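Everything below concerns the one structure shown next.
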Amino acid sequence: MAVCIAVIAKENYPLYIRSIPTENELKFHYTVHTSLDVVDEKISAMGKALVDQRELYLGLLYPTEDYKVYGYVTNSKVKFVMVVDSSNTALRDNEIRSMFRKLHNSYTDVMCNPFYNPGDCIHSRAFDNMVTSMMMQVC
Amino acid sequence: MSVPDYMQCAEDHQTLLVVVQPVGIVPEENFFRIYKRISTVSQINVRDSQRVLYIRYRHHYPPENNEWGDFQTHRKVVGLIIITDCSSAKDWPQTFEKFHLQKEIYGPTLYDSRLFVFGLQGEVAEQPRTDVAFYPSYDECETVEKRIEDFIESLFIVLESKRLDRATDKSGDKIPLLCVPFEKKDFVGLDTDSRHYKKRCQGRMRKHVGDLCLQAGMLQDSLVHYHMAVELLRSVNDFLWLGAALEGLCSASVIYHYPGGTGGKAGARRAQGSSLPAEAGNRHRPGALTSNGINADTSAEIGRAKNCLGPEDIIDKYKEAISYYSKYKNAGVIELEACVKAVRVLAIQKKSMEASEFLQNAVYINLRQLSEEEKIQRYSILSELYERIGFHRKSAFFKRVAAMQCVAPSISEPGWRACYKLLLETLPGYSLSLDPKDFSKGTHKGWAAVQMRLLHELVYASRRMGNPALSVRHLSFLLQTMLDFLSDQEKKDVTQSLENYTSKCPGTMEFITLPEGLRLPPVPFTKLPIVRSVKLLNLPISLRPQKMKSLLGQNMSAKSPFIYSPIIAHNRGEERSKKIDFQWVQGDVCEVQLMVYNPMPFELRVENMGLLTTGVEFESLPAALSLPAESGLYPVTLVGVPQNTGQITINGYHTSVFGVFSDCILDNLPGLKTNGCAVEVIPALPRLQISTSLPRSAHTLQPSSGDEISTSVSVQLYNGETQQLVIKLENIGTEPLEKLEVTAKTVNSKEKLYGEFLSWKLEDTLSQFPLKPGKIATFNVNIKVKLDFSCQENLLQDLSDDGISISGLPLSSPFRQIVKPRVDSKPINPTESGKVGDFSHVKTLEAILNFKYSGGPGHADGYYRNLSLGLHVEVEPSVFFTHVSTLPATSTRQCHLLLDVFNSTEHELTVSAKNNEDLVLHAGECQRMAIQVDKFNFESFPDSPGERIQFANPKQLEEERQQAKGLEINSKLDFSLTLIYPSLKREGEASVEGVLNQLVLEHLQLAPLQWGDSQLRKVVLNSCILDCQFISTEYENLLQRNQNKPAVHLPHAGLLYLEKTEN
């Protein structure tokens, strides 16, 4: 259901990015890249709020004609960005939320791998499979 | 209304629009000079009040926009200034006619107009006119500003009268309905008497008055009017005008809250009157605006704070206004401009999220079909606005879209230059700098796919701009920094196009300065190939300079007070600057070894690869190499010749790959291993080349104690043979050879060697010195091999047993005792066993001749070079003395030495001894020869001194003694056998000292006691000091066989038997 899922490092470079229509991958790169502006803005706005009660889910970052872009940021400032087809109205905020949570858990597993260097691109097969499953789910 | 003004901001609502235009032929340069001067008068304090008028000047304004002047009065052209060039009075009427024509265009809205005539002098210019000003030339027009000020004042008067007129109009019965161009047809036939219509008229007029008040500098009044207009219009659902009233309210509030302006660029303009807005800006001071002029009918003083919108409200009202505008398709421009204005306000309020929503909305506002130029402008302004709210990525995105729009296929003349310029501006948004240094640290982190796309576009744009140097630079940068992200196919494509470009314009190491002032740093290809280690190589051993006096203390320089400290050893920072402990020599080829590898999936051709150095003039000899696809580490040696002396530092290397020249500095290379980059270059030294008369040896000597042999020669000799080795010393350097020292060292001499192995006379050679470059000197060395001639194991049968035979006797001589264990160990040690006993075994002798030489300036500095010549001598056995015995001669002072000589060679051999006739021995033949020799005395026979035994190896000691004895015997015996090989025309010498065993020696020895005269039976004690005990016991043994001999008893020494001699 997601058409593009990206993991962005704290320093705003991609750790992982995958999209389904692979022929126009670059477009999604642009979409995710520009969405970081909004993520940054939201994070800096949140910085004023209490750290403990911070909501990791950032909500809809911005809608485009064809897609909706959602964001999620971990406490270590790693960002998840998900691009969803805007025609897919069945997808509620709650589902998006739970997808992000799943993604976060999977990312945590990647980080737990002692052979993974934080900051490197993610090549984990388990993570990949999980992302695929999230993209494949038909609603 | 179709042309949006993207530069609009909220403050523009308070300005009066004045159009400045040229008429006739006015040079553009001159026009803009005047235009600039006019523009400086943008703010006027009206004479009799504290109100301020703001003027907006335009040199282009679409008349259709003017038609919206009633809707928002700041869109109305109220003033017109015409600038014209008129050289003669004849043209004057025509010019004036043109002025009137121009006035017609904006006619209905103009309050006033002016004509500035340049170049006209004389009668016409004399007549005083208010609307025309004459200036002799563009340089003499000091009064322009004054004129403009007057003009603005006249505008103000009209404005003020209109305002008052309209403001009081409401009491009149008929209020005209103001409307926008597209509304006109809608109101045809409408009931003009209805309450609804009247209210609409009222509301619109209120709003209009509000606009006028705002323009006239009466902010508070305008607020009141706007509020009233909003109420009126809301009640009649006149949405378009309601939107305008709301926007007016917002504008007035923004002007109140943000006196600094929201346009950003307008800072300079505001600064002029900064004293006033600064004061007004402080909204906590209620009295701040009291001085603002005629307060007329409004009770502004009380309602001030209430009337003005708060910052939050401004945005809400803007939102509302925009939502109303959006109901009208024809008001798209108004909506768009309102969005832009709102964004500017939000940018000041630092509310980026809301601003982005407004912008997002603006993106979707569909105006009529835009021209390409307008699209570019639109995208650029979007980009600028995103930049302003801190959305750099979004800004870069739109800027890139604008750039692409510049070269859209529909454009007949693509603006590659503009496209390139815009693309450059997007770089920061994609966190891409064009300096490769920023990428050298660690792995690349960024949006590679996006960045690569941008770089490709830069390459393409710069190529189409007709700047190949620029495209080469960008393409090199792409290749260097994005190498890890390029697929194999892309790598191929990129390099191919790079080669195409460089064939026209090779890449250089120079900075490229763009007209915009940006400097593109050079891109050295440090990854093509990747260098993993740099190692400075020492000179080959034969050329290595050595210090005459090795001052030990000098090496341990005074860097640290500690003799040893582990901290220094682990200090990695010093590693690179560390000086290397060897030296290079001026004028000699020096080498640096690099380990490189090729990351490309194809063969990489690196041309012109050489070293970059500082410190010493260095002639680098470039190399070309070709690295196979994805090669492993590949050693490359770069060479060069230092031209003078001092400390040389290897800074890096230069290459030429795909036509791009790169200077790679080692300090910038990540993960580089090096053993240090600085090395001392010492003055030039001569170079010696050695050639000998002997063939070169394939055999290599085992280097002992660090000596390395540059050349080695071999020779085959028969035991006992002597040969002369002629060594040619050639000075192949450029410096004279002044000093030469020769030393020889025998290595692995397990063989017992008699006599001097190598001997030479250096004086003969030194007489030819100093050796000029290119000259040859000769040096002769005599090689003499004299090994043991004995046949220790006695494998051959004794020929006869005449006389006293000692072979095979179990003797108690110390020598025998020592040798015995070695023989016993025969099966265990095959090499040694081979040496012992096997006649056909070829023995080898090896020696090293060391030539220490020096000369030239290097010699003056105390350096020398060492050249080693290895000498490998194979010694073939010649003759063996299979049996040795003695026969007494007629005199007691003499005796006969019987030698069984065995020829083990394959050649006929002649043996000659002094006074004897030659003995011819055929191959494998054995004959006995008898030689008469004088008996002799042992002198100073080295006793085994007690102390030395304790710590010296007994075996060594024994050998030492044997050697000394052998020498002595040889000298005493004073005879030698000359071996002549007639068939080979070679000859040698054999000696017997090694074969004489103890028993034979005793026979050769003069008796310790001599009967001086047999008649007197006088005992003469030999002059030498003897160990009496030793002699007595030996003699006892010896003489026990001759029982009938007399004996003498010596005190403390036991019995000494005496033999009576015949004479």
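Starting from 1 in every chain, residues are counted up; chains themselves are A, B, ... following the order of the structure tokens, and ligands are numbered from 1 as listed.
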Practice item. Compile the contact shell of region 96-101 of chain A as a VMD selection string: residues with an atom at most 12 Å away, counting only C-alpha atoms, same-chain residues fewer than 6 positions apart removed. Key: chain A and resid 1 to 2 5 to 7 55 to 60 68 to 74 79 to 84 88 to 90 107 to 108 130 to 131 133 to 135 137
**Message:** Please check the contacts: residues of chain B at most 8 Å away from chain A, using only C-alpha atoms, listed as number ranges by chain.
**Reply:** B: 352-353, 390-394, 397, 445-447, 449-450
**Which of region 72-103 of chain A DSSP labels alpha helix (DSSP H), written as a list in words** = Asp93, Asn94, Glu95, Ile96, Arg97, Ser98, Met99, Phe100, Arg101, Lys102 and Leu103 of chain A
**Request:** Using DSSP on the backbone, list every residue of region 4-110 of chain B that comes out as strand (DSSP E), and give them as a list in words.
**Result:**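 The strand (DSSP E) residues within region 4-110 of chain B come out as Thr15, Leu16, Leu17, Val18, Val19, Val20, Gln21, Pro22, Val23, Gln43, Ile44, Asn45, Val52, Leu53, Tyr54, Ile55, Arg56, Tyr57, Arg58, Val77, Val78, Gly79, Leu80, Ile81, Ile82, Ile83, Thr84 and Asp85 of chain B.
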For this session: Calculate how many Å separate CA of Gly332 (chain B) from CA of Ile381 (chain B), rounding to one decimal.
Result: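 That distance, rounded to one decimal, is 16.5 Å.
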Using only C-alpha atoms, determine which residues lie at most 9 Å from region 177-185 of chain B, disregarding the query and same-chain residues fewer than 4 positions distant; provide the list as a PyMOL selection string.
chain B and resi 1+67-71+197-198+200-202+204-205+208+241+330
Margin query: At a cut-off of 10 Å, using only C-alpha atoms, what residues contact region 637-641 of chain B? Leave out same-chain residues fewer than 5 positions from it and give the result as a ChimeraX atom specification.
Written below: /B:534-537,584-595,609-611,617-624,653
Excluding Asp238 (chain B) and any residue of its chain fewer than 6 positions from it, enumerate the residues within 10 Å of it, using only C-alpha atoms, and give them as a ChimeraX atom specification.
/B:199-200,203-204,230,232,324
- [ ] Just the residues within 8 Å of region 768-775 of chain B, please, counting only C-alpha atoms, with nothing from its chain fewer than 6 positions along; format it as a list in words.
- [x]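 Residues meeting the cut-off are Pro686, Glu730, Asn731, Ile732, Gly733, Thr734, Glu735, Pro736, Leu737, Glu738 and Lys739 of chain B.
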N, CA and C atoms of the current selection, written as a tab-separated table (two decimals), in the first residue's frame:
chain	number	residue	atom	x	y	z
B	686	PRO	N	80.14	9.57	-6.93
B	686	PRO	CA	80.42	8.84	-8.18
B	686	PRO	C	79.74	7.48	-8.15
B	730	GLU	N	84.84	0.94	-13.54
B	730	GLU	CA	84.45	2.05	-14.42
B	730	GLU	C	83.61	3.05	-13.66
B	731	ASN	N	83.95	4.29	-13.79
B	731	ASN	CA	83.16	5.35	-13.15
B	731	ASN	C	82.05	5.75	-14.11
B	732	ILE	N	80.86	5.28	-13.82
B	732	ILE	CA	79.76	5.58	-14.74
B	732	ILE	C	78.92	6.75	-14.24
B	733	GLY	N	79.37	7.37	-13.19
B	733	GLY	CA	78.63	8.52	-12.66
B	733	GLY	C	79.11	9.79	-13.31
B	734	THR	N	78.83	10.88	-12.64
B	734	THR	CA	79.23	12.17	-13.19
B	734	THR	C	80.27	12.84	-12.32
B	735	GLU	N	80.60	12.20	-11.24
B	735	GLU	CA	81.56	12.81	-10.33
B	735	GLU	C	82.87	12.02	-10.38
B	736	PRO	N	83.99	12.68	-10.20
B	736	PRO	CA	85.27	11.93	-10.20
B	736	PRO	C	85.33	11.01	-8.98
B	737	LEU	N	85.94	9.88	-9.20
B	737	LEU	CA	86.09	8.90	-8.13
B	737	LEU	C	87.45	9.15	-7.50
B	738	GLU	N	87.43	9.50	-6.25
B	738	GLU	CA	88.68	9.92	-5.64
B	738	GLU	C	89.25	8.91	-4.66
B	739	LYS	N	88.40	8.22	-3.98
B	739	LYS	CA	88.87	7.32	-2.91
B	739	LYS	C	88.41	5.92	-3.20
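Comparing the minimum interatomic distances between Asn105 (chain A) and each of A:Glu23, A:Phe127, A:Ser76, A:Ser44, counting only C-alpha atoms, we find that A:Phe127 sits nearest.
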The distance between CA of Ser691 (chain B) and CA of Asn780 (chain B) is 11.8 Å
Residues near Ala252 (chain B), cut-off 9 Å, only C-alpha atoms, skip fewer than 6 positions along chain, as a ChimeraX atom specification
/B:10-11,13-14,214,219-220,222-223,308-309
Residues from last step as file, N, CA, C and O atoms, as a CSV table (one decimal), in the first residue's frame:
chain,number,residue,atom,x,y,z
B,10,ALA,N,2.7,42.9,1.5
B,10,ALA,CA,1.6,43.5,2.1
B,10,ALA,C,1.8,45.1,2.1
B,10,ALA,O,0.8,45.8,2.0
B,11,GLU,N,3.0,45.5,2.3
B,11,GLU,CA,3.2,47.0,2.4
B,11,GLU,C,2.8,47.7,1.1
B,11,GLU,O,2.6,48.9,1.1
B,13,HIS,N,0.3,47.8,-0.4
B,13,HIS,CA,-1.0,48.3,-0.3
B,13,HIS,C,-1.0,49.8,0.0
B,13,HIS,O,-2.0,50.5,-0.3
B,14,GLN,N,0.0,50.3,0.7
B,14,GLN,CA,0.0,51.7,1.1
B,14,GLN,C,0.8,52.5,0.1
B,14,GLN,O,1.0,53.7,0.3
B,214,LEU,N,-5.2,54.2,3.6
B,214,LEU,CA,-3.9,53.5,3.8
B,214,LEU,C,-2.9,54.2,2.9
B,214,LEU,O,-1.8,54.4,3.4
B,219,LEU,N,-3.2,55.1,8.7
B,219,LEU,CA,-3.4,53.6,9.0
B,219,LEU,C,-4.6,53.3,9.8
B,219,LEU,O,-5.4,52.4,9.5
B,220,GLN,N,-4.8,54.1,10.9
B,220,GLN,CA,-5.8,53.8,11.8
B,220,GLN,C,-7.2,54.0,11.1
B,220,GLN,O,-8.1,53.2,11.3
B,222,SER,N,-7.8,53.7,8.0
B,222,SER,CA,-8.1,52.6,7.1
B,222,SER,C,-8.6,51.4,7.8
B,222,SER,O,-9.5,50.7,7.3
B,223,LEU,N,-8.0,51.1,9.0
B,223,LEU,CA,-8.4,49.9,9.7
B,223,LEU,C,-9.9,50.0,10.0
B,223,LEU,O,-10.7,49.0,9.9
B,308,CYS,N,-6.8,46.9,15.1
B,308,CYS,CA,-5.6,46.2,14.4
B,308,CYS,C,-5.7,44.7,14.7
B,308,CYS,O,-5.9,44.3,15.9
B,309,LEU,N,-5.4,43.9,13.7
B,309,LEU,CA,-5.4,42.5,13.9
B,309,LEU,C,-4.1,42.1,14.6
B,309,LEU,O,-3.0,42.6,14.4
